[in-house]
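*Asks:* Got query.txt for you, compact mmCIF, C-alpha atoms:
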# COMPACT_ATOMS: atom_id res chain seq x y z
CA MET A 61 -65.05 44.17 -5.07
CA THR A 62 -63.81 47.70 -5.84
CA ARG A 63 -60.23 48.87 -5.54
CA LEU A 64 -61.18 50.92 -2.46
CA HIS A 65 -62.52 47.76 -0.85
CA ARG A 66 -59.30 45.90 -1.69
CA ALA A 67 -57.19 48.79 -0.42
CA LEU A 68 -59.05 48.84 2.87
CA ASP A 69 -58.53 45.10 3.17
CA ASP A 70 -54.80 45.65 2.65
CA ILE A 71 -54.76 48.28 5.38
CA ALA A 72 -56.74 46.01 7.68
CA ALA A 73 -54.32 43.14 7.13
CA GLU A 74 -51.50 45.08 8.76
CA ALA A 75 -52.84 44.57 12.28
CA PRO A 76 -55.76 43.00 14.19
CA LEU A 77 -59.11 44.67 14.66
CA VAL A 78 -58.27 46.65 17.76
CA ASP A 79 -59.35 50.26 17.38
CA LEU A 80 -61.67 52.77 15.83
CA ALA A 81 -59.78 52.98 12.56
CA GLU A 82 -60.19 49.27 11.97
CA ALA A 83 -63.82 49.50 12.95
CA ALA A 84 -64.23 52.11 10.23
CA ILE A 85 -62.54 49.76 7.79
CA ALA A 86 -64.94 46.98 8.75
CA ARG A 87 -67.90 49.29 8.20
CA HIS A 88 -66.58 50.25 4.76
CA ARG A 89 -66.24 46.57 3.87
CA ARG A 90 -69.73 45.67 4.98
CA ARG A 91 -71.30 48.62 3.19
CA ARG A 92 -69.71 47.76 -0.16
CA ILE A 93 -71.23 44.28 -0.29
CA VAL A 94 -74.92 44.66 0.50
CA ALA A 95 -76.55 41.39 1.56
CA ALA A 96 -79.79 40.40 -0.14
CA SER A 97 -81.50 40.03 3.22
CA LEU A 98 -81.28 43.72 4.11
CA SER A 99 -84.62 45.49 4.45
CA ALA A 100 -85.58 48.64 2.58
CA VAL A 101 -88.01 51.12 4.04
CA ALA A 102 -89.52 54.15 2.35
CA VAL A 103 -87.47 57.31 2.36
CA ALA A 104 -87.96 60.58 4.24
CA ALA A 105 -85.97 63.66 3.27
CA ILE A 106 -85.82 66.15 6.09
CA VAL A 107 -84.02 69.36 5.28
CA GLY A 108 -82.09 71.02 8.10
CA ALA A 109 -83.31 74.25 9.60
CA GLY A 110 -80.46 76.29 8.18
CA GLY A 111 -80.46 77.37 4.55
CA VAL A 112 -78.03 75.82 2.09
CA VAL A 113 -76.60 77.77 -0.84
CA MET A 114 -76.06 75.29 -3.66
CA THR A 115 -77.02 74.31 -7.18
CA THR A 116 -78.12 70.76 -6.46
CA PRO A 117 -81.45 68.94 -6.03
CA TRP A 118 -81.27 69.42 -2.25
CA GLN A 119 -81.87 73.14 -2.69
CA VAL A 120 -85.43 72.53 -3.88
CA ASN A 121 -86.16 69.46 -1.77
CA ALA A 122 -88.20 71.43 0.75
CA VAL A 123 -91.10 68.96 0.82
CA PRO A 124 -90.28 65.79 2.82
CA ALA A 125 -90.94 62.52 1.04
CA VAL A 126 -93.70 60.41 2.57
CA ARG A 127 -92.46 57.82 5.07
CA VAL A 128 -94.25 54.51 4.64
CA SER A 129 -93.89 51.63 7.09
CA PRO A 130 -92.21 48.42 5.84
CA GLY A 131 -94.72 46.17 4.13
CA VAL A 132 -97.14 49.01 3.35
CA GLU A 133 -95.42 50.33 0.25
CA GLN A 134 -96.67 48.09 -2.57
CA ALA A 135 -95.71 48.00 -6.26
CA ASP A 136 -99.31 48.72 -7.30
CA VAL A 137 -99.36 52.08 -5.47
CA VAL A 138 -96.09 53.38 -6.94
CA SER A 139 -96.20 54.36 -10.60
CA ASP A 140 -93.48 53.65 -13.15
CA LEU A 141 -91.21 56.56 -14.01
CA PRO A 142 -93.12 58.28 -16.83
CA GLU A 143 -91.59 59.22 -20.15
CA ALA A 144 -92.73 62.77 -19.50
CA PRO A 145 -90.57 65.27 -17.59
CA VAL A 146 -90.56 64.82 -13.80
CA GLY A 147 -87.95 67.37 -12.74
CA THR A 148 -84.73 66.71 -10.88
CA LEU A 149 -84.09 63.76 -8.58
CA SER A 150 -83.30 63.87 -4.89
CA HIS A 151 -82.14 60.26 -4.51
CA ALA A 152 -82.73 56.63 -5.42
CA TYR A 153 -82.89 53.41 -3.46
CA GLU A 154 -83.62 49.72 -3.92
CA THR A 155 -86.64 47.90 -2.55
CA ARG A 156 -86.15 44.95 -0.25
CA CYS A 157 -86.17 41.30 -1.20
CA GLU A 158 -89.67 39.96 -0.54
CA GLN A 159 -89.38 36.40 -1.77
CA PRO A 160 -85.99 34.68 -1.25
CA PRO A 161 -83.85 33.72 -3.09
CA CYS A 162 -84.79 37.20 -4.27
CA GLY A 163 -85.22 38.61 -7.71
CA ASP A 164 -88.11 40.91 -6.88
CA GLU A 165 -86.02 43.92 -5.93
CA GLU A 166 -86.30 47.06 -8.03
CA TRP A 167 -84.89 50.54 -8.14
CA ARG A 168 -87.02 53.46 -6.99
CA VAL A 169 -86.28 57.13 -7.67
CA VAL A 170 -87.49 60.10 -5.64
CA THR A 171 -87.86 63.55 -7.16
CA ALA A 172 -86.83 66.79 -5.50
CA GLU A 173 -90.54 67.42 -4.89
CA GLY A 174 -90.93 64.09 -3.07
CA ALA A 175 -92.66 61.94 -5.73
CA THR A 176 -91.53 58.29 -5.84
CA TYR A 177 -91.43 56.22 -9.02
CA ARG A 178 -90.54 52.64 -9.92
CA LEU A 179 -87.69 52.09 -12.38
CA PRO A 180 -88.43 48.56 -13.65
CA ARG A 181 -86.14 48.83 -16.69
CA ALA A 182 -83.09 49.39 -14.50
CA LEU A 183 -81.28 46.17 -13.65
CA THR A 184 -80.80 45.65 -9.92
CA ARG A 185 -78.97 42.33 -9.89
CA THR A 186 -77.29 40.31 -12.65
CA THR A 187 -77.86 36.62 -13.23
CA GLY A 188 -74.50 36.17 -11.50
CA LYS A 189 -75.94 37.96 -8.43
CA ALA A 190 -73.79 41.09 -8.78
CA HIS A 191 -75.53 44.37 -7.98
CA ALA A 192 -75.98 46.68 -10.96
CA PRO A 193 -75.52 50.35 -9.97
CA ILE A 194 -77.43 53.41 -11.07
CA ALA A 195 -76.17 57.00 -11.03
CA ILE A 196 -77.68 60.47 -10.66
CA SER A 197 -75.82 63.51 -11.96
CA ARG A 198 -74.75 66.23 -9.52
CA ASN A 199 -77.55 68.53 -10.69
CA GLY A 200 -80.14 65.75 -10.32
CA ARG A 201 -81.21 66.04 -13.95
CA MET A 202 -79.59 62.94 -15.44
CA LEU A 203 -80.23 59.33 -14.45
CA ALA A 204 -78.03 56.48 -15.68
CA TYR A 205 -78.84 52.79 -15.33
CA TYR A 206 -78.08 49.44 -16.94
CA SER A 207 -80.67 47.99 -19.31
CA ARG A 208 -80.82 44.22 -19.68
CA ASP A 209 -82.67 44.58 -22.99
CA ALA A 210 -80.08 46.95 -24.46
CA GLN A 211 -77.09 45.21 -22.83
CA ALA A 212 -75.80 48.71 -22.27
CA HIS A 213 -76.23 51.71 -20.00
CA VAL A 214 -79.02 54.20 -20.60
CA VAL A 215 -79.08 57.90 -19.70
CA ARG A 216 -82.45 59.53 -19.00
CA ASP A 217 -82.91 63.30 -19.00
CA LEU A 218 -85.47 63.82 -16.23
CA GLU A 219 -86.40 67.32 -17.42
CA THR A 220 -87.27 66.23 -20.97
CA GLY A 221 -87.91 62.50 -20.64
CA ALA A 222 -85.45 61.74 -23.46
CA GLU A 223 -83.30 58.60 -23.23
CA THR A 224 -79.96 57.80 -24.85
CA VAL A 225 -78.49 54.31 -25.04
CA SER A 226 -74.73 54.04 -24.60
CA PRO A 227 -72.84 53.15 -27.80
CA VAL A 228 -70.59 50.88 -25.70
CA LYS A 229 -72.10 47.47 -25.03
CA VAL A 230 -71.38 45.81 -21.68
CA PRO A 231 -72.65 42.22 -21.44
CA GLU A 232 -74.60 41.69 -18.23
CA ARG A 233 -72.33 38.82 -17.20
CA LYS A 234 -69.40 41.26 -17.21
CA ILE A 235 -70.84 43.49 -14.48
CA PRO A 236 -68.80 42.49 -11.43
CA LEU A 237 -69.47 42.72 -7.74
CA GLY A 238 -68.88 46.30 -6.58
CA ALA A 239 -69.30 48.00 -9.97
CA MET A 240 -69.63 51.79 -9.81
CA LEU A 241 -71.26 54.33 -12.11
CA LEU A 242 -71.11 58.10 -12.67
CA VAL A 243 -72.90 60.40 -15.12
CA SER A 244 -72.02 64.00 -16.00
CA ASP A 245 -74.44 66.89 -15.50
CA ASP A 246 -75.10 67.15 -19.24
CA GLY A 247 -75.52 63.37 -19.65
CA ARG A 248 -72.78 63.15 -22.24
CA TYR A 249 -70.24 61.19 -20.20
CA LEU A 250 -70.60 57.93 -18.30
CA VAL A 251 -67.93 56.41 -16.10
CA PHE A 252 -68.24 52.69 -15.43
CA ASP A 253 -65.77 51.28 -12.93
CA ASP A 254 -64.27 47.80 -12.77
CA PRO A 255 -65.80 46.18 -15.86
CA GLU A 256 -64.06 42.85 -16.46
CA GLU A 257 -64.93 43.22 -20.13
CA PHE A 258 -61.98 45.59 -20.49
CA ASP A 259 -59.34 43.15 -19.22
CA LYS A 260 -56.27 44.99 -17.88
CA TYR A 261 -58.18 48.27 -17.61
CA THR A 262 -60.30 48.76 -14.53
CA GLY A 263 -62.60 51.50 -15.67
CA VAL A 264 -63.97 53.16 -18.79
CA LEU A 265 -65.04 56.68 -19.71
CA ILE A 266 -67.87 56.58 -22.25
CA ASP A 267 -68.67 59.52 -24.51
CA MET A 268 -72.34 59.00 -25.43
CA ARG A 269 -71.59 60.63 -28.80
CA ALA A 270 -68.66 58.35 -29.69
CA ASP A 271 -68.29 54.63 -30.36
CA GLU A 272 -64.88 54.22 -28.77
CA PRO A 273 -64.54 54.45 -24.98
CA THR A 274 -61.55 55.86 -23.13
CA MET A 275 -59.90 53.30 -20.87
CA LEU A 276 -58.94 54.52 -17.41
CA PRO A 277 -55.52 53.78 -15.94
CA ARG A 278 -55.30 50.59 -13.95
CA GLY A 279 -55.50 50.94 -10.18
CA PHE A 280 -57.48 54.20 -10.18
CA GLN A 281 -61.04 54.48 -8.90
CA PRO A 282 -63.42 57.16 -10.23
CA VAL A 283 -64.75 59.47 -7.54
CA ALA A 284 -66.60 62.26 -9.32
CA ILE A 285 -67.11 63.92 -12.68
CA LYS A 286 -67.55 67.68 -12.55
CA ASP A 287 -67.08 70.57 -14.96
CA GLY A 288 -65.49 68.36 -17.60
CA VAL A 289 -62.97 66.81 -15.20
CA LEU A 290 -62.93 63.22 -13.97
CA GLU A 291 -61.51 62.74 -10.47
CA LEU A 292 -59.57 59.47 -10.04
CA VAL A 293 -57.98 58.08 -6.88
CA ARG A 294 -55.41 55.35 -6.29
CA HIS A 295 -55.57 54.25 -2.66
CA VAL A 296 -53.01 53.20 -0.01
CA LYS A 297 -50.04 55.02 -1.62
CA THR A 298 -52.56 57.67 -2.38
CA ASP A 299 -52.56 59.43 -5.74
CA LEU A 300 -55.22 61.83 -7.02
CA TRP A 301 -55.61 62.44 -10.75
CA LEU A 302 -57.80 65.26 -12.04
CA MET A 303 -58.18 64.10 -15.64
CA PRO A 304 -60.10 66.21 -18.18
CA VAL A 305 -62.62 64.13 -20.10
CA THR A 306 -60.60 65.00 -23.20
CA GLY A 307 -57.50 63.45 -21.61
CA GLY A 308 -54.40 64.77 -19.91
CA GLY A 309 -53.38 65.77 -16.43
CA GLU A 310 -51.17 63.74 -14.12
CA PRO A 311 -51.42 62.18 -10.66
CA VAL A 312 -50.49 64.04 -7.47
CA ARG A 313 -49.07 61.99 -4.57
CA PHE A 314 -50.21 62.58 -0.99
CA ASP A 315 -47.97 61.96 1.98
CA GLY A 316 -50.14 59.44 3.79
CA THR A 317 -52.99 57.01 3.30
CA PHE A 318 -56.36 58.54 2.44
CA VAL A 319 -59.73 57.08 1.46
CA SER A 320 -63.30 58.31 0.84
CA PHE A 321 -62.53 61.42 -1.21
CA SER A 322 -64.95 64.25 -1.89
CA GLU A 323 -65.24 65.88 -5.26
CA VAL A 324 -63.05 68.93 -5.90
CA ALA A 325 -64.18 72.03 -4.02
CA PRO A 326 -65.46 75.15 -5.81
CA ASP A 327 -61.97 76.64 -5.40
CA GLY A 328 -60.79 74.12 -8.00
CA ARG A 329 -57.98 72.65 -5.92
CA THR A 330 -58.99 71.28 -2.51
CA VAL A 331 -60.66 67.99 -1.59
CA VAL A 332 -61.71 66.39 1.68
CA ALA A 333 -60.73 62.81 2.49
CA LEU A 334 -60.52 60.42 5.42
CA ASP A 335 -56.94 60.14 6.69
CA MET A 336 -56.10 56.49 7.44
CA THR A 337 -52.36 57.04 7.85
CA GLY A 338 -50.95 54.68 10.45
CA SER A 339 -54.12 52.58 10.47
CA PRO A 340 -55.10 50.71 12.52
CA ARG A 341 -53.10 52.65 15.10
CA LYS A 342 -54.79 55.98 14.42
CA GLU A 343 -58.39 57.14 14.47
CA PRO A 344 -59.50 58.26 10.97
CA VAL A 345 -59.61 62.04 10.61
CA LEU A 346 -61.34 64.12 7.94
CA THR A 347 -58.66 66.20 6.24
CA VAL A 348 -58.64 69.01 3.71
CA LEU A 349 -56.01 68.32 1.03
CA ASP A 350 -54.51 70.40 -1.75
CA ALA A 351 -55.11 68.45 -4.97
CA LYS A 352 -52.46 70.48 -6.82
CA THR A 353 -49.54 70.03 -4.42
CA GLY A 354 -50.51 67.04 -2.29
CA GLU A 355 -50.12 69.05 0.91
CA THR A 356 -52.42 68.85 3.93
CA VAL A 357 -54.35 72.10 4.44
CA ARG A 358 -56.05 71.28 7.75
CA GLN A 359 -57.59 68.47 9.77
CA LEU A 360 -61.22 68.65 10.84
CA PRO A 361 -62.92 67.56 14.05
CA THR A 362 -65.86 65.27 13.34
CA THR A 363 -67.62 65.28 16.69
CA ASP A 364 -70.80 66.57 15.02
CA VAL A 365 -70.92 63.62 12.61
CA PRO A 366 -71.27 60.21 14.26
CA GLY A 367 -69.94 56.99 12.80
CA SER A 368 -67.56 56.86 9.86
CA PRO A 369 -68.03 60.14 7.92
CA THR A 370 -67.79 60.02 4.13
CA PRO A 371 -67.35 63.40 2.33
CA THR A 372 -69.05 63.69 -1.07
CA VAL A 373 -70.28 66.73 -3.03
CA TRP A 374 -69.74 70.39 -2.15
CA LEU A 375 -72.80 72.41 -1.20
CA SER A 376 -71.13 75.84 -1.15
CA ASP A 377 -67.67 77.35 -1.01
CA THR A 378 -67.22 76.22 2.59
CA GLU A 379 -69.60 73.29 3.11
CA VAL A 380 -69.21 69.72 1.91
CA MET A 381 -71.85 67.03 2.25
CA VAL A 382 -70.83 64.22 4.59
CA ARG A 383 -72.66 60.92 4.80
CA ASP A 384 -72.89 59.09 8.11
CA HIS A 385 -73.71 55.41 8.34
CA ALA A 386 -73.88 54.95 12.11
CA LYS A 387 -77.60 55.69 12.43
CA GLY A 388 -79.58 54.92 9.31
CA ARG A 389 -78.51 56.97 6.31
CA ASN A 390 -77.99 60.59 7.29
CA ALA A 391 -76.42 63.48 5.41
CA TYR A 392 -74.73 66.49 7.00
CA ALA A 393 -73.33 69.80 5.78
CA LEU A 394 -69.82 70.09 7.19
CA ASP A 395 -68.17 73.52 7.33
CA VAL A 396 -64.51 72.94 6.43
CA THR A 397 -63.44 76.20 8.06
CA THR A 398 -64.90 75.43 11.49
CA GLY A 399 -65.49 71.68 11.53
CA LYS A 400 -69.11 72.28 12.55
CA ALA A 401 -71.81 70.14 10.94
CA ARG A 402 -75.57 70.39 10.63
CA LEU A 403 -78.08 67.75 9.65
CA LEU A 404 -79.31 67.98 6.06
CA ALA A 405 -81.42 64.87 5.59
CA GLU A 406 -82.40 61.58 7.18
CA TYR A 407 -83.07 58.81 4.69
CA GLY A 408 -83.70 55.94 7.08
CA ASP A 409 -82.34 52.42 6.81
CA VAL A 410 -82.68 52.14 3.04
CA VAL A 411 -80.94 49.69 0.74
CA ARG A 412 -78.33 51.03 -1.70
CA LEU A 413 -79.07 54.72 -1.24
CA THR A 414 -77.84 56.65 -4.27
CA LEU A 415 -77.41 60.42 -4.09
CA PRO A 416 -76.61 62.91 -6.87
CA GLY A 417 -72.96 63.05 -7.93
CA GLN A 418 -71.86 59.99 -5.97
CA ALA A 419 -70.35 56.88 -7.49
CA ILE A 420 -71.15 54.45 -4.67
CA SER A 421 -74.60 53.27 -3.58
CA ARG A 422 -74.74 52.42 0.12
What do you get writing this file as C-alpha cells?
*Replies:*
Amino acid sequence: MTRLHRALDDIAAEAPLVDLAEAAIARHRRRRIVAASLSAVAVAAIVGAGGVVMTTPWQVNAVPAVRVSPGVEQADVVSDLPEAPVGTLSHAYETRCEQPPCGDEEWRVVTAEGATYRLPRALTRTTGKAHAPIAISRNGRMLAYYSRDAQAHVVRDLETGAETVSPVKVPERKIPLGAMLLVSDDGRYLVFDDPEEFDKYTGVLIDMRADEPTMLPRGFQPVAIKDGVLELVRHVKTDLWLMPVTGGGEPVRFDGTFVSFSEVAPDGRTVVALDMTGSPRKEPVLTVLDAKTGETVRQLPTTDVPGSPTPTVWLSDTEVMVRDHAKGRNAYALDVTTGKARLLAEYGDVVRLTLPGQAISR
C-alpha cells in the first residue's frame, strides 16, 4: 500500500461513501491493488486527430498497435525483447493470469512503432504475491525492471540494447505491495518507493554510478523525475518538494488537500493536481497549482474527461496528459488554458498499464 493509498483511506474515513469525491477515492483504492483475476487484452494505440507537439514516444506512435482478441495472443507468437536496439517504447502492460493460482503472468512492452515484445526477465509478482513494478523514462528510451536473478533493478537502454544492473541490492521479499518505480531519461537515476528494506525511510534514490543510495524523506511519495529534479508529494496536508537529484530544495505547503499530481510543467513552476479539499463533501476538481508559492492558479472543468482524471506528463507548454479510468484505459491531452481535452490514445482494458514518465502502473 502506497502513501497515496493510505492518504486516500484517511480522507475516506472522514465520512461515508455518499458522493462523487468518495467514489473517486474508491476507484483510486481499487486501481492500486490489482487483483490477479483481472484480464489483460492486447493493446491498441490510437492517436487523436490533432497534432501534438512534444518530445515523447507518443509523437512517433503514428502506427496503431495490433489489437488481438483475448485468448488469441500466445507466448509463442510474441518474441522476447532482443538485445539489439528496438527504439523507444510507447507503453508496457502485464498479461493475464491463465492458470490460477497464477504465476504465468509476464510483462510485455510495446514500441513506438507498435511492435510487442515479451520481457521474461522482469519480475511481475514476488513470492509474497506483491506486484513488482517496471518503469519507462519520459523519453521512452529507458526501461527499468526488477531482476530476480540479480536481486536488483536493471535499466535497459532501448536504443543501444545495453543493460546496467543497479549497485543497490533489494531482496525480492522486501518489495512490498504497492511499490513504485521511476527512471530518469538518461537512465542514471532510479527511484524506488516504499521499500521495507530501508526501515524508517519510505523511498530511495539510486545513482546507477554510485554504491550508496539517497534515502528520501519519510512520508513523501515520488511523482516524477525530470531534468535532474525529483518531484515528491506528501498528501492530505499537502506538501510538494522539488528536490534536485544532488539534494536540496524544501517543501512548499498547499492550502488544501490535493492528490494525483502531474510532473512540473515546462514553465518550471506549475503542476496540475486533483483537489480533494473538503472530501467527501466536494467533487474533485483538476487544479493548476504554483509549485513555488503554493497558490492556486486556476481550476479546470473536466467535462471532456470522464471518470476520475489523473494528470501525468506534459505534452507541450499548455497541454498535460490526463488518464481516465472510467472506460478502459484512455489518455487525453488537456489544455490547461481552456479546460478542453482531446483523445490521445485508447489502450483497452489492460492490466497494469505503464506509460512513460509515470510512477504508477494501473
*Asks:* Restricting the calculation to only C-alpha atoms: of A:Ala351, A:Leu250, A:Val332, A:Ile285, which residue gets closest to Val312 (chain A)?
*Replies:* A:Ala351
*Asks:* Could you tell me how far CA of Val293 (chain A) sits from CA of Thr398 (chain A), in Å to one decimal place?
*Replies:*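 Separation of CA of Thr398 (chain A) and CA of Val293 (chain A): 26.2 Å.
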*Asks:* Scan for residues within 10 Å of the point (-73.3, 61.1, -27.8) in the coordinates of the file, using only C-alpha atoms, and reply as a JSON list (two decimals) with C-alpha atoms, keeping the file's coordinate frame.
*Replies:*
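File written: out-v6.json
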[["chain", "number", "residue", "atom", "x", "y", "z"],
["A", 224, "THR", "CA", -79.96, 57.80, -24.85],
["A", 225, "VAL", "CA", -78.49, 54.31, -25.04],
["A", 226, "SER", "CA", -74.73, 54.04, -24.60],
["A", 227, "PRO", "CA", -72.84, 53.15, -27.80],
["A", 247, "GLY", "CA", -75.52, 63.37, -19.65],
["A", 248, "ARG", "CA", -72.78, 63.15, -22.24],
["A", 249, "TYR", "CA", -70.24, 61.19, -20.20],
["A", 266, "ILE", "CA", -67.87, 56.58, -22.25],
["A", 267, "ASP", "CA", -68.67, 59.52, -24.51],
["A", 268, "MET", "CA", -72.34, 59.00, -25.43],
["A", 269, "ARG", "CA", -71.59, 60.63, -28.80],
["A", 270, "ALA", "CA", -68.66, 58.35, -29.69],
["A", 271, "ASP", "CA", -68.29, 54.63, -30.36]]
*Asks:* For Leu415 (chain A), which of A:Val138, A:Leu218, A:Val382, A:Val264 is the closest residue, counting all atoms listed in the file?
*Replies:* A:Val382
*Asks:* Smallest atom-to-atom distance to Ser376 (chain A): which of A:Val251, A:Val324, A:Ala333, A:Leu290, using all atoms listed in the file?
*Replies:*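 Among the listed residues, the smallest separation from Ser376 (chain A) belongs to A:Val324.
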*Asks:* Using only C-alpha atoms and a cutoff of 9 Å, can you tell me which residues are near (-82.6, 55.7, -1.7) in the file's coordinates, and write them out as a list in words?
*Replies:*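 Using only C-alpha atoms, the matching residues come out as Ala100, Ala102, Val103, Ser150, His151, Ala152, Tyr153, Glu154, Thr155, Trp167, Arg168, Val169, Val170, Tyr407, Gly408, Val410, Val411, Arg412, Leu413, Thr414, Leu415, Ser421 and Arg422 of chain A.
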*Asks:* Residues of the last selection are to be written out with C-alpha atoms, as a PDB file, in the coordinates of the input.
*Replies:*
ATOM      1  CA  ALA A 100     -85.580  48.640   2.580  1.00  0.00           C
ATOM      2  CA  ALA A 102     -89.520  54.150   2.350  1.00  0.00           C
ATOM      3  CA  VAL A 103     -87.470  57.310   2.360  1.00  0.00           C
ATOM      4  CA  SER A 150     -83.300  63.870  -4.890  1.00  0.00           C
ATOM      5  CA  HIS A 151     -82.140  60.260  -4.510  1.00  0.00           C
ATOM      6  CA  ALA A 152     -82.730  56.630  -5.420  1.00  0.00           C
ATOM      7  CA  TYR A 153     -82.890  53.410  -3.460  1.00  0.00           C
ATOM      8  CA  GLU A 154     -83.620  49.720  -3.920  1.00  0.00           C
ATOM      9  CA  THR A 155     -86.640  47.900  -2.550  1.00  0.00           C
ATOM     10  CA  TRP A 167     -84.890  50.540  -8.140  1.00  0.00           C
ATOM     11  CA  ARG A 168     -87.020  53.460  -6.990  1.00  0.00           C
ATOM     12  CA  VAL A 169     -86.280  57.130  -7.670  1.00  0.00           C
ATOM     13  CA  VAL A 170     -87.490  60.100  -5.640  1.00  0.00           C
ATOM     14  CA  TYR A 407     -83.070  58.810   4.690  1.00  0.00           C
ATOM     15  CA  GLY A 408     -83.700  55.940   7.080  1.00  0.00           C
ATOM     16  CA  VAL A 410     -82.680  52.140   3.040  1.00  0.00           C
ATOM     17  CA  VAL A 411     -80.940  49.690   0.740  1.00  0.00           C
ATOM     18  CA  ARG A 412     -78.330  51.030  -1.700  1.00  0.00           C
ATOM     19  CA  LEU A 413     -79.070  54.720  -1.240  1.00  0.00           C
ATOM     20  CA  THR A 414     -77.840  56.650  -4.270  1.00  0.00           C
ATOM     21  CA  LEU A 415     -77.410  60.420  -4.090  1.00  0.00           C
ATOM     22  CA  SER A 421     -74.600  53.270  -3.580  1.00  0.00           C
ATOM     23  CA  ARG A 422     -74.740  52.420   0.120  1.00  0.00           C
TER      24      ARG A 422
END
